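Below is one structure, written out as structure tokens; the observations come after it.
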Amino acid sequence: MSGHLIDHEKEKPAVSTDQSSLTTETIEASRSTAHVGTVPAFLKWSVLACGVLFAVVLSSLFVVNRELPGFIERQLNTHVSGYRFTVGQASLSPSLSLEVRELTMMQTEHPDPPVAEIPRWVFSIQWRHLLSGVLVSDYLISRPTLHITLPQAKKELHDTVPIHQKGWREALYSFYPIKINEFKIEDADVTYVDQDPSKPLRFTHLNLVAGNIRNIRSPDDAYPSDLNLNGKIFGSGKILMKGHANFLAQPHAGINVDLALQHVELEPLLPVTGRYNITIQGGLLAADGRLEYTAEGETTANLTTMTIEGVRVDYVHSSETRAKETQTGQVAVKTARQLQNKSGTLIRIDHGEIKDSEFGFVNTAAKPPYRVFLSRGALHLDHISNHFIEGSGSITLTGAFMGTGDTVISGTFRPETRSPDFDLNIKIERTQLRAMNDLLRAYGNFDVTAGLFSLFSELKVKNDRVEGYIKPLFKEMKVYDARQDREKSLFHKLYEGLVGGVAKLLENRPREEVATRTDLSGAVENPEASTWQVIINLVRNAFFQAILPGFEKEIRSPHQ
């Protein structure tokens, strides 16, 4: 029993030693933990200060953002003349980016519809340029809608203050004073309404990027900024523009871009062309070229290729539009004069082509009205320019006159120095005369039941003078037909019989043709007219004077 007690007592120190060791380790661990958990006082105050500062910033932004929409709206309305703005929302972030939502712009004089509606406009600092010591920003406009009407456009065109001087820059910098370096527009929709609201011109899904506006990169380049545009025109068409610009050039910003148009429908242009008495049906346009506008104001517009296919174009003349046509012609002549050999302005078409199209002239002022047309038309333009030093250009037009007569019209055109300068050859063969009955009724007061018409002409205009001839031929012409004319008066039947009789007297017996030749020699009627006006007047006057060759006087006598 005592031995057991002794053994038991011997074990006690060992247990005590382990407990002592455990206690020591626990104490050391506790001390170590207590040491690690201790935070320096300055760090605590720093974190607290940052938290307080962040809370102050958030509170300040909350207060600022509450007043920001009204402030931006007031700044825009104060600085920009001729327009009124409303702002729905606006917010400034801690990164100093500004987001404006539901911005609406209305023209003061014509407020309906709004000119622009912008769902989202973001102003941001380009932080990467801070490393270069430059503080600049970028603008991003998302899904804007522009809606412009003819009255709004006229107001802007006739305003004494140009649109770029209406205070836009001052307005933007008044609430976001960091200079812009990049400008982006995403998915824009632009609508223009000319005269007919039911037929607007629409440009959709337009995207524009203008980069390096402040010329931070390559400042010594003539065009250091990138410029890109793409989108859709009139539904199926596409527009592409890519090149460079110099937005800071003086006295004008300069651009140098390549342009391309693809599959553009022409018929939507009818509301615009209709104002000039031109009607359009169908037609697709494709073109590419280059446009350059230098800081000094020099302009180069070079159309490398252009193709139009399947269009029907009519010029419509009426008694109501006579005065307007004269005025339009005068404006066209003045514009053409200003551009001819103008220093610093080069307009050139390297190659243009119109395929499988129809060109017509409609005269509703005549009695009866008539339409003269060329079907299956193909027009080729080569090397057409407004500068004499660019050399001569050529035009070739082929088709079927009045749907039946094989036609070739070719011309060589030299850029004008002071008056039109060109050579023109016309050949029309074997046109069915019945297709020309409305024309014959209008100018000769008779019609035909059979016959063929041909026309040959050579014209040269230079130094305000015209030289050449026009030679129409009528073959196998039959004027009077009792079955066709049984509803006409006896007097008119006798008149048409006389016309047919005179034609017989003038026939070239071996060939059974009526042929006359009208020589043209003398001063150009209006040397101040444009090339196209001179051509139209020459052909129209000579053609209609010779349309009833050799017996025009006899035709008029019995009718009188």
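Chain lettering (A, B, ...) mirrors the order of the structure tokens, residue numbering begins at 1 for each chain separately, and ligand numbering begins at 1 in order of display.
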- Item | segment 266-275 of chain A surroundings by only C-alpha atoms, 8 Å radius, close-in-sequence under 6 positions cut, as a VMD selection string | chain A and resid 194 to 196 199 to 201 234 281 to 285 311
- Message: Please list as an MDAnalysis selection string every residue within 8 Å of Thr108 of chain A, counting only C-alpha atoms and excluding residues in the same chain fewer than 2 positions away.
- Response: chainID A and resid 82:84 106 110:111
- Message: If we count only C-alpha atoms and set the cut-off at 8 Å, which residues sit around Asn212 of chain A, ignoring sequence neighbours fewer than 5 positions away in its own chain? Please answer as a ChimeraX atom specification.
- Response: /A:181-182,217,224-226
Only C-alpha atoms, please: the residues just picked out, written as a tab-separated table (two decimals), in the first residue's frame.
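Result file follows (selection.tsv):
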chain	number	residue	atom	x	y	z
A	181	ASN	CA	-9.45	64.52	-77.48
A	182	GLU	CA	-11.74	61.76	-78.74
A	217	ARG	CA	0.36	61.88	-81.23
A	224	PRO	CA	-2.66	63.65	-87.30
A	225	SER	CA	-6.16	62.66	-86.18
A	226	ASP	CA	-8.03	59.47	-87.09
- Message: When DSSP is applied to the backbone of this structure, which of segment 124-205 of chain A are assigned helix (DSSP H, G or I)? Write them out as JSON, numbers by chain.
- Response: {"A": [127, 128, 129, 130, 131, 132, 150, 151, 152, 153, 154, 155, 156, 157, 158, 163, 164, 165, 168, 169, 170, 171, 172, 173, 174, 175]}
- Task: In Å, rounded to a single decimal, give me how far atom CA of Arg169 of chain A is from atom CA of Pro251 of chain A.
- Result: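 Distance reported for this atom pair: 17.0 Å.
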- Counting only C-alpha atoms, what is within 8 Å of segment 205-211 of chain A, bar same-chain residues fewer than 4 positions away, as a list in words? Asn181, Glu182, Phe183, Lys184, Ile185, Glu186, Asp187, Ala188, Asp189, Ser225, Asp226, Leu227, Asn228, Leu229, Asn230, Gly231 and Lys232 of chain A
Go ahead and save the residues from that selection, with C-alpha atoms, as a compact mmCIF listing (two decimals), in the first residue's frame.
# COMPACT_ATOMS: atom_id res chain seq x y z
CA ASN A 181 -9.45 64.52 -77.48
CA GLU A 182 -11.74 61.76 -78.74
CA PHE A 183 -15.31 61.93 -79.99
CA LYS A 184 -17.50 58.87 -80.55
CA ILE A 185 -21.06 58.46 -81.78
CA GLU A 186 -22.61 55.00 -81.57
CA ASP A 187 -25.66 53.82 -83.53
CA ALA A 188 -27.05 57.20 -84.58
CA ASP A 189 -30.31 57.62 -86.48
CA SER A 225 -6.16 62.66 -86.18
CA ASP A 226 -8.03 59.47 -87.09
CA LEU A 227 -11.49 59.79 -88.63
CA ASN A 228 -13.87 56.89 -89.35
CA LEU A 229 -17.56 56.76 -90.26
CA ASN A 230 -19.85 53.91 -91.26
CA GLY A 231 -23.58 53.36 -91.44
CA LYS A 232 -26.61 52.70 -93.62
- Query: Got a sec: who's within 9 Å of Ala301 of chain A, counting only C-alpha atoms, leaving out chain neighbours fewer than 5 positions off, as a PyMOL selection string?
  - Reply: chain A and resi 289-293+345-349
